[in-house]
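Worksheet for the structure shown next.
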There are 4 protein chains.
Amino acid sequence: MSDSVIALLHGPDQPGLVAKTAGWIHQRGGNVLHADQHLDRDENIFFQRVEWQPSADVEIEDEMGSFRSLVEGELGMSLCLNRSDRRPRIALMVTKEDHCFHDLALRHRAGELDADLIGVLSNHDTLGGVSASYGLPFVHIPVTKETKKEAEAHQLEWLTEQKIDLLILARYMQVLSPGFLEEVECPVINIHHSFLPSFAGARPYHQAHKRGVKLIGATAHYVTQDLDEGPIIEQDVARVSHRHGTKELIERGRDLEKLVLAAAVRRHLQHRVLVYGNKTVVFD
Amino acid sequence: MSDSVIALLHGPDQPGLVAKTAGWIHQRGGNVLHADQHLDRDENIFFQRVEWQPSADVEIEDEMGSFRSLVEGELGMSLCLNRSDRRPRIALMVTKEDHCFHDLALRHRAGELDADLIGVLSNHDTLGGVSASYGLPFVHIPVTKETKKEAEAHQLEWLTEQKIDLLILARYMQVLSPGFLEEVECPVINIHHSFLPSFAGARPYHQAHKRGVKLIGATAHYVTQDLDEGPIIEQDVARVSHRHGTKELIERGRDLEKLVLAAAVRRHLQHRVLVYGNKTVVFD
Amino acid sequence: MSDSVIALLHGPDQPGLVAKTAGWIHQRGGNVLHADQHLDRDENIFFQRVEWQPSADVEIEDEMGSFRSLVEGELGMSLCLNRSDRRPRIALMVTKEDHCFHDLALRHRAGELDADLIGVLSNHDTLGGVSASYGLPFVHIPVTKETKKEAEAHQLEWLTEQKIDLLILARYMQVLSPGFLEEVECPVINIHHSFLPSFAGARPYHQAHKRGVKLIGATAHYVTQDLDEGPIIEQDVARVSHRHGTKELIERGRDLEKLVLAAAVRRHLQHRVLVYGNKTVVFD
Amino acid sequence: MSDSVIALLHGPDQPGLVAKTAGWIHQRGGNVLHADQHLDRDENIFFQRVEWQPSADVEIEDEMGSFRSLVEGELGMSLCLNRSDRRPRIALMVTKEDHCFHDLALRHRAGELDADLIGVLSNHDTLGGVSASYGLPFVHIPVTKETKKEAEAHQLEWLTEQKIDLLILARYMQVLSPGFLEEVECPVINIHHSFLPSFAGARPYHQAHKRGVKLIGATAHYVTQDLDEGPIIEQDVARVSHRHGTKELIERGRDLEKLVLAAAVRRHLQHRVLVYGNKTVVFD
C-alpha cells in the first residue's frame, strides 16, 4: 500500500468539523482509511484521528503542509501530523532489570512495533551483553548524585544525535531532572509498577503488600516534571491474595509491566494517543 | 438537546464515503454528534455509525427520507435509520428464573435503558407477581408440545399489537420455532449461559463442569433459526476452579448472564450494533 | 447434612499445628469437611480455616467450648468460632441510592446469602417503599449535624435489640462516628466506589475522571475509625476510556459496586474472612 | 531451608484423612509447610496437596517410602511424590514460531521456573540460532509423513537419555502419534491457541474470526491421544472487536499463549496440578 498521512487534531468544537476534514481530503483525491472522533461534551472539545492516502498526484509533504494550514489556520485547532512511511526511531533507558527490555527487544524483532529500535541507554553496564545479543547499540552513562547533570547532558546529546522520536523508560530506576525533561525533544514513556495514583513513588509492591490490596497494577504514562503524575496511556491489574508475599507480587507484576508498557508503546507508535491537559485520548 | 438521527450503514467500500455522508449532513445545516467507521479490509466492506442533529429548519422525517435516498440510492449501501426521540418499545420473555428479569426491570426503572419496557411474556405464571410489583403487564401463555403453534401465534399477535421493537429472551427456556422467527417483526436477543461456541445446547454449566474448564462464560446473541449460532453481540467470562461444583457454576454464572445480557441490550438500544453476515460490528 | 463448626484461627507458627487441630477433631469422632491454612513466612504467622462435623454423640456447644480451650489455651492462638446452623442476622444501611440495596435484597431472596436480612436503616425515607415491597422492616432515622449523636444512639439501640451480626453499608452516605464504631458490637462492611487507596474520600468518580485513569474500581472493606482505610476484603475494576464522562463512570461503577459488595458479604457470611492487623486473609 | 517432600494424593473420601496424614508427619518429627485439600462432594473423592520438612534425623528417601506405604497401602489412595531438592528436567518442542520459546527461555534464565531447561527439540532448524544464544542444546529432527515413525523414535530416545521430567510443546506444529504418547515417560503440556473446547483443531484464530466471537482465548492442557481434549490446566481470554482481523487476533493471541503456557508450566513444576479423570485440580 502506498504511504498515508495520520493526523491527530483537537480544539473547541464547531459545526461541520468532520465534513470539513473529510471533504478537504476527498476533494484533493485522497482516500480516508480510518477516521475516529470524540467530543468531550463537558469541555466542548473535539478530538479526531484521521488517516488517509493522498492522491498519487500529490507530494505527501505538500499534502501535509496544506492540511496543516487548514487545521491550524482555518479551523484554529491543534495538530500532530505523521506519515506512515517514516518509521519512528525509539530508544530504551534501562538500569538492571531486564524483563521489559527483553519484551520490547523481542517485539521489535518480531515486527510488532512499527519503529526502529536505535539503541539502549543505561546507568549500569548490566544489560550491555544482552543488548549486544540483539545487535543493539548500548550506551553506558553512569549516573551519580555528583555527575547527574553531566550525565543527563550526555544522554540528551545522544538522543539528539540519534534523532530519537520516542524514549522509553523500561524500568529505568533514576528520576529524570526537570532540566532534562525541558530539553528532551521527544516524548518519554515510563512504566510505573502500580495502579496509579495508588502507590506512587518508591517500592510500590511493598506499599501494596502492606495495604493488603486484592489487585496489583501497572501504569504506563508520559513523563512530566511531576513524578508519577503524567498523562496515563494504559493500565491493567492482576488478582493477588494473602498467599502472595512481596516477592510474589514483584514476580507477578513483571508480566503486567511488560504487557502494559508494550501496549502503550504500540499505541503511541501507531499515532493513536492524543494528549490534552493531563489526560490522554487513546483511539482504538 | 433537540432530536437527532442515528444511521448505521454498510456496503462495499468506495472513495469519499466519509466525506459524502458528513458533507451531506453539513450542507443541510446538520451537526454531526458522533461518527465512527470501520473498514473490513479482508472483505472490503465499509461500516459507519453516524449521529447528527438536523438543522432546526428541517423536518426530521424529511431529513431521514433524503438521507435514505443518498445512502440506498446514490451510494448503494444498506441503511438502518433511527431517531433519538423515538423510544424503542421492548418486551421480555421469561420462564421461571428471575435474575435477568430483575436485572433488566431494575435497570429500566433506574433509567439505564433508553426504552419503554412494555411487558413480560411467559410460558409459566411464576413471575407474574414480581412483574406486577414493577407495574409491568404480564402475559401468561402456556406452551406445550401440542399447543406450541397456537401459543406462538398468540405471542406474535401480542408483539405486533404492542408494536414491540426488541424482544429479549431473559432466560426463556423454550426454543422459538423457525416459523415464529420468520414472522416476528423485531430483533430477538437471547442470553446463552456459556462462552459460545463452547457448550451450545442444553445444560451448558453441566457440560462445562464435565470438561473441567477454568473459565465459564455467557454470550448474548441475536436469535436465528440456527440454535445458539446467531450473531454474537457480547460475551464475558469468570474464573472458576475445581472448588466449584455445577451448583456453584450456575450461581456464579448468574452474575455473568445479567451483565452480558444488559450490555448487549444497552448497545442495541443505542443503535450501536450492526449485523452483517453472521457477525456484528459493535460501535463503542 | 447435620450441623458443622467453622473455626478461623491464627497466631505464631509452631510445629504440628495442622496435626494438632485435625487430630483433636478426629479423636473426638468429628469429620473434617474443609481445611485450609496459610503461613505468612515474613511474619511467621499461621492462619487456618477448618470446618468439621462433630460426632453425633457430642453436644455442639461442648465441642466448641473444648476446641476453644485447645486453641486459645493450649496453642495460644486467636480463634473465631461459628456454627453452620446459626444463620447470621444482617442489616443494611442505605441513603438514597438503591442499586446495592436491590442487589443484596434480591440475592437474599434467591437464597444466595446464608443469612437472615433483618431490616434496613436509613437516614432518608426514599427506600422505604421498596423495602416494604421485599417485606423488609425499614427504620428511618434522619441524621443532621445537630442530631447525629442521638441518631447514632438510636441506630445502635436498634442493632443491639435486633442482635445484628453484620451491618452492611450499602452506599450509606454518612460517615459513622468513632463513638459509633467503638460501641457497635458487630463488624461493619462498606463499599467504596474506587480502587482504594486511590481516590479515598468524596466523589471518587470525579477524582478518577479528572486523573484520566483507564480503569475504575470498587473496594469492599471493614469499616474502622480511619476513613476508607480499613482492611480490604474484595476489589475489582472495569475498563473505561475517554468516551466515558463522569456520568458514565458512575453508571458503569454501579455494577462493580454491586458485585464487589456482594462478594465480600458472601465470603464474610461463609466465615472465610480472617482479619489481622489491617489486612484480611480470605480463604477460597 | 532444608529439603521438603511434596505429596499429591487422591482417592475415595474416608473419615480422618487430614488427621492421618498430618498426624503421621508430626509423629515422625516433620513440619507441615503447606497443606491444602479438596473434597469433590459429587463424586466423594478427596484430594490433598501436602508439603513438609522431614525431621533432620530421617533420610528423605525413607520418609518418602514410608509415606507411600501409608497412603497407597493403609489408606488405599493414589499418590504422586516429589522432593523439593530434585529439580525437574524439562525440554521444549518447537517448530518455527518463537514467542513461547523466548518467553520460557527468559523465565528459565530469570529463575522463575524451578527446573533445569535441558534442551530444545525441533522439526525445523529455524530456532537453532536463538537456542544457542541462550546456551541451550538444540536437537533438529526433521519430520515428514514418511519419516514420522523414525523421527518419533529418535525424539523418544533423546527424551529418555536426557531423563526429561516434563515435555513442553511450545507451539510445536506436529501432532504426536498415539504410539509416541504411549511410550513417552513424562507428562506433555501443550498450548492450544483457543479457549477450548471452542475451536479445537487447526487454525483456531481463523475459526474465531469467522464466528465473530468477542473474546479470544488460549488453553494449556496435558496432551492425550484425543487431540485437544486432554485435561485443562489453565485458560485465559482477551477482548477483541470487529476492528481485529485474523492477523490482529494472531498477534494479540501470542501474549495470551505465553502467559497461559507459562502459568501452567509453573504450576506443574511446583507440583500443584493433580490429574483425575480428564480434569485437573490445581492447588493455589
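Residue numbering restarts at 1 for every chain of the C-alpha cells, chains are lettered A, B, ... in their displayed order, and ligands are numbered from 1 as they appear.
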
inquiry  = So that I can see what lies close to range 83-96 of chain A, please list as an MDAnalysis selection string the residues with an atom at most 9 Å from it, counting only C-alpha atoms and leaving out residues fewer than 4 positions away in the same chain.
reply    = chainID A and resid 2:7 60 64 100:101 104 114:127 159 162:174 269:270

key: chain B contacts to chain A at 6 Å (only C-alpha atoms) as JSON, numbers by chain   = {"B": [15, 16, 19, 22, 23, 26, 31, 36]}

Only all heavy atoms, please: the residues just picked out, written as an mmCIF file, in the first residue's frame.
```cif
data_model
loop_
_atom_site.group_PDB
_atom_site.id
_atom_site.type_symbol
_atom_site.label_atom_id
_atom_site.label_comp_id
_atom_site.auth_asym_id
_atom_site.auth_seq_id
_atom_site.Cartn_x
_atom_site.Cartn_y
_atom_site.Cartn_z
ATOM 1 N N PRO B 15 -14.465 5.357 -2.700
ATOM 2 C CA PRO B 15 -13.758 6.562 -2.248
ATOM 3 C C PRO B 15 -14.721 7.646 -1.785
ATOM 4 O O PRO B 15 -15.792 7.826 -2.377
ATOM 5 C CB PRO B 15 -13.002 7.029 -3.497
ATOM 6 C CG PRO B 15 -12.984 5.856 -4.423
ATOM 7 C CD PRO B 15 -14.213 5.063 -4.115
ATOM 8 N N GLY B 16 -14.341 8.317 -0.722
ATOM 9 C CA GLY B 16 -15.076 9.504 -0.308
ATOM 10 C C GLY B 16 -16.331 9.263 0.510
ATOM 11 O O GLY B 16 -17.126 10.188 0.696
ATOM 12 N N ALA B 19 -16.567 11.572 3.537
ATOM 13 C CA ALA B 19 -16.802 12.947 3.083
ATOM 14 C C ALA B 19 -18.227 13.118 2.573
ATOM 15 O O ALA B 19 -18.873 14.143 2.824
ATOM 16 C CB ALA B 19 -15.810 13.302 1.973
ATOM 17 N N ALA B 22 -20.758 13.021 5.672
ATOM 18 C CA ALA B 22 -20.548 14.191 6.526
ATOM 19 C C ALA B 22 -20.853 15.479 5.774
ATOM 20 O O ALA B 22 -21.429 16.423 6.332
ATOM 21 C CB ALA B 22 -19.114 14.200 7.064
ATOM 22 N N GLY B 23 -20.448 15.507 4.508
ATOM 23 C CA GLY B 23 -20.705 16.698 3.693
ATOM 24 C C GLY B 23 -22.203 16.925 3.486
ATOM 25 O O GLY B 23 -22.699 18.051 3.625
ATOM 26 N N HIS B 26 -23.638 18.321 6.681
ATOM 27 C CA HIS B 26 -23.191 19.687 6.920
ATOM 28 C C HIS B 26 -23.868 20.673 5.974
ATOM 29 O O HIS B 26 -24.313 21.755 6.403
ATOM 30 C CB HIS B 26 -21.670 19.741 6.753
ATOM 31 C CG HIS B 26 -21.087 21.075 7.071
ATOM 32 N ND1 HIS B 26 -21.322 21.738 8.260
ATOM 33 C CD2 HIS B 26 -20.263 21.877 6.342
ATOM 34 C CE1 HIS B 26 -20.676 22.892 8.254
ATOM 35 N NE2 HIS B 26 -20.035 23.008 7.113
ATOM 36 N N ASN B 31 -25.572 18.955 12.317
ATOM 37 C CA ASN B 31 -24.348 18.930 13.104
ATOM 38 C C ASN B 31 -24.055 17.511 13.564
ATOM 39 O O ASN B 31 -24.835 16.908 14.302
ATOM 40 C CB ASN B 31 -24.503 19.852 14.325
ATOM 41 C CG ASN B 31 -23.180 20.057 15.032
ATOM 42 O OD1 ASN B 31 -22.119 19.945 14.413
ATOM 43 N ND2 ASN B 31 -23.248 20.328 16.328
ATOM 44 N N ASP B 36 -18.405 7.179 13.597
ATOM 45 C CA ASP B 36 -17.408 6.130 13.778
ATOM 46 C C ASP B 36 -17.505 5.241 12.552
ATOM 47 O O ASP B 36 -18.605 4.952 12.083
ATOM 48 C CB ASP B 36 -17.753 5.331 15.046
ATOM 49 C CG ASP B 36 -16.579 4.503 15.535
ATOM 50 O OD1 ASP B 36 -15.518 4.500 14.892
ATOM 51 O OD2 ASP B 36 -16.747 3.855 16.579
#
```

query = Ala105 in chain D: which residues within 9 Å, counting only C-alpha atoms, same-chain residues fewer than 3 positions away excluded, as a list in words?
reply =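 Counting only C-alpha atoms, the residues come to Cys100, Phe101, His102, His108, Arg109, Ala110, Leu117, Ser131, Tyr134 and Leu136 of chain D.
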
Could those selected residues go to a file with N, CA and C atoms, as an mmCIF file, in the first residue's frame?
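The result, written out as selection_10.cif:
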```
data_model
loop_
_atom_site.group_PDB
_atom_site.id
_atom_site.type_symbol
_atom_site.label_atom_id
_atom_site.label_comp_id
_atom_site.auth_asym_id
_atom_site.auth_seq_id
_atom_site.Cartn_x
_atom_site.Cartn_y
_atom_site.Cartn_z
ATOM 1 N N CYS D 100 6.561 -18.322 22.427
ATOM 2 C CA CYS D 100 6.531 -19.124 23.648
ATOM 3 C C CYS D 100 7.930 -19.627 24.003
ATOM 4 N N PHE D 101 8.707 -19.917 22.975
ATOM 5 C CA PHE D 101 10.084 -20.345 23.204
ATOM 6 C C PHE D 101 10.868 -19.275 23.980
ATOM 7 N N HIS D 102 10.863 -18.028 23.459
ATOM 8 C CA HIS D 102 11.597 -16.952 24.137
ATOM 9 C C HIS D 102 11.048 -16.732 25.548
ATOM 10 N N HIS D 108 13.129 -19.057 32.420
ATOM 11 C CA HIS D 108 14.082 -20.002 32.982
ATOM 12 C C HIS D 108 15.339 -19.262 33.436
ATOM 13 N N ARG D 109 15.841 -18.391 32.576
ATOM 14 C CA ARG D 109 17.059 -17.658 32.900
ATOM 15 C C ARG D 109 16.852 -16.726 34.097
ATOM 16 N N ALA D 110 15.638 -16.176 34.226
ATOM 17 C CA ALA D 110 15.367 -15.271 35.345
ATOM 18 C C ALA D 110 15.110 -16.033 36.645
ATOM 19 N N LEU D 117 16.305 -26.416 32.248
ATOM 20 C CA LEU D 117 15.890 -26.498 30.842
ATOM 21 C C LEU D 117 17.015 -27.180 30.071
ATOM 22 N N SER D 131 18.388 -20.627 20.121
ATOM 23 C CA SER D 131 18.629 -21.587 21.201
ATOM 24 C C SER D 131 20.080 -21.485 21.650
ATOM 25 N N TYR D 134 20.922 -18.716 23.967
ATOM 26 C CA TYR D 134 20.604 -18.964 25.380
ATOM 27 C C TYR D 134 21.472 -20.084 25.964
ATOM 28 N N LEU D 136 21.351 -23.178 24.977
ATOM 29 C CA LEU D 136 20.514 -24.377 25.073
ATOM 30 C C LEU D 136 20.836 -25.352 23.939
#
```

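Backbone DSSP of range 160-274 of chain A yields strand (DSSP E) at Leu166, Leu167, Ile168, Leu169, Val188, Ile189, Asn190, Ile191, His192, Leu215, Ile216, Gly217, Ala218, Thr219, Ala220, His221, Tyr222, Ile232, Ile233, Glu234, Gln235, Asp236, Val237, Ala238, Arg239, Val273 and Leu274 of chain A.
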
message = Need the shell around range 67-77 of chain B: protein/DNA/RNA residues with any atom at most 7 Å away, counting only C-alpha atoms. Skip same-chain ones fewer than 3 positions apart. Format as a ChimeraX atom specification?
response = /B:9-11,63-64

key: Polymer residues at most 8 Å from Gly245 in chain A, only C-alpha atoms, same-chain spacing of 4 or more positions, as a list in words   =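 Near Gly245 in chain A, the qualifying residues are His209 and Leu249 of chain A; Asp40 and Asp42 of chain C.
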
message = To one decimal place in Å, what is the distance between CA of Leu8 in chain C and CA of Lys279 in chain C?
response =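 Interatomic distance here is 14.8 Å.
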
inquiry  = Excluding range 281-283 of chain B and its own-chain neighbours fewer than 4 positions away, which residues fall within 6 Å of it when counting only C-alpha atoms? Please give them as a PyMOL selection string.
reply    = (chain B and resi 272-274) or (chain D and resi 242)

Only all heavy atoms, please: the residues just picked out, written as a PDB file, in the first residue's frame.
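Output contents, as saved in selection_38.pdb:
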```
ATOM      1  N   ARG B 272     -26.037   0.833  18.355  1.00  0.00           N
ATOM      2  CA  ARG B 272     -24.599   0.669  18.156  1.00  0.00           C
ATOM      3  C   ARG B 272     -24.241  -0.657  17.489  1.00  0.00           C
ATOM      4  O   ARG B 272     -23.070  -0.914  17.226  1.00  0.00           O
ATOM      5  CB  ARG B 272     -23.866   0.716  19.510  1.00  0.00           C
ATOM      6  CG  ARG B 272     -23.982   2.045  20.204  1.00  0.00           C
ATOM      7  CD  ARG B 272     -23.135   2.109  21.451  1.00  0.00           C
ATOM      8  NE  ARG B 272     -23.273   3.417  22.046  1.00  0.00           N
ATOM      9  CZ  ARG B 272     -22.626   4.509  21.624  1.00  0.00           C
ATOM     10  NH1 ARG B 272     -21.766   4.414  20.633  1.00  0.00           N
ATOM     11  NH2 ARG B 272     -22.834   5.672  22.211  1.00  0.00           N
ATOM     12  N   VAL B 273     -25.235  -1.510  17.274  1.00  0.00           N
ATOM     13  CA  VAL B 273     -24.940  -2.857  16.786  1.00  0.00           C
ATOM     14  C   VAL B 273     -25.394  -3.011  15.338  1.00  0.00           C
ATOM     15  O   VAL B 273     -26.564  -2.805  15.032  1.00  0.00           O
ATOM     16  CB  VAL B 273     -25.647  -3.921  17.657  1.00  0.00           C
ATOM     17  CG1 VAL B 273     -25.162  -5.311  17.245  1.00  0.00           C
ATOM     18  CG2 VAL B 273     -25.407  -3.675  19.138  1.00  0.00           C
ATOM     19  N   LEU B 274     -24.460  -3.344  14.487  1.00  0.00           N
ATOM     20  CA  LEU B 274     -24.745  -3.513  13.063  1.00  0.00           C
ATOM     21  C   LEU B 274     -24.470  -4.981  12.730  1.00  0.00           C
ATOM     22  O   LEU B 274     -23.384  -5.491  12.998  1.00  0.00           O
ATOM     23  CB  LEU B 274     -23.805  -2.574  12.306  1.00  0.00           C
ATOM     24  CG  LEU B 274     -24.059  -2.259  10.847  1.00  0.00           C
ATOM     25  CD1 LEU B 274     -23.297  -0.997  10.462  1.00  0.00           C
ATOM     26  CD2 LEU B 274     -23.695  -3.402   9.941  1.00  0.00           C
TER      27      LEU B 274
ATOM     28  N   HIS D 242     -14.581  -6.014  16.289  1.00  0.00           N
ATOM     29  CA  HIS D 242     -14.637  -6.075  14.833  1.00  0.00           C
ATOM     30  C   HIS D 242     -13.398  -5.424  14.201  1.00  0.00           C
ATOM     31  O   HIS D 242     -13.110  -5.642  13.032  1.00  0.00           O
ATOM     32  CB  HIS D 242     -15.898  -5.365  14.340  1.00  0.00           C
ATOM     33  CG  HIS D 242     -15.975  -3.935  14.775  1.00  0.00           C
ATOM     34  ND1 HIS D 242     -16.492  -3.553  15.989  1.00  0.00           N
ATOM     35  CD2 HIS D 242     -15.557  -2.804  14.185  1.00  0.00           C
ATOM     36  CE1 HIS D 242     -16.415  -2.241  16.104  1.00  0.00           C
ATOM     37  NE2 HIS D 242     -15.854  -1.761  15.028  1.00  0.00           N
TER      38      HIS D 242
END
```

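Interatomic distance, CA of His193 in chain A to CA of Ala218 in chain A: 4.6 Å.
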
Which residues are near Thr160 in chain D? Cut-off 9 Å, only C-alpha atoms, ignore same chain within fewer than 4 positions. Put them as a compact mmCIF listing (two decimals) with C-alpha atoms, in the first residue's frame.
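Writing done, so here's part.txt:
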```
# COMPACT_ATOMS: atom_id res chain seq x y z
CA GLN D 155 12.78 -37.99 19.88
CA LEU D 156 11.84 -40.61 22.48
CA ILE D 164 13.28 -35.42 30.86
CA VAL D 184 6.84 -41.19 26.40
CA GLU D 185 7.66 -41.45 30.08
```

Interatomic distance, CA of Ile141 in chain C to CA of His154 in chain C (Å, one decimal) = 7.7 Å
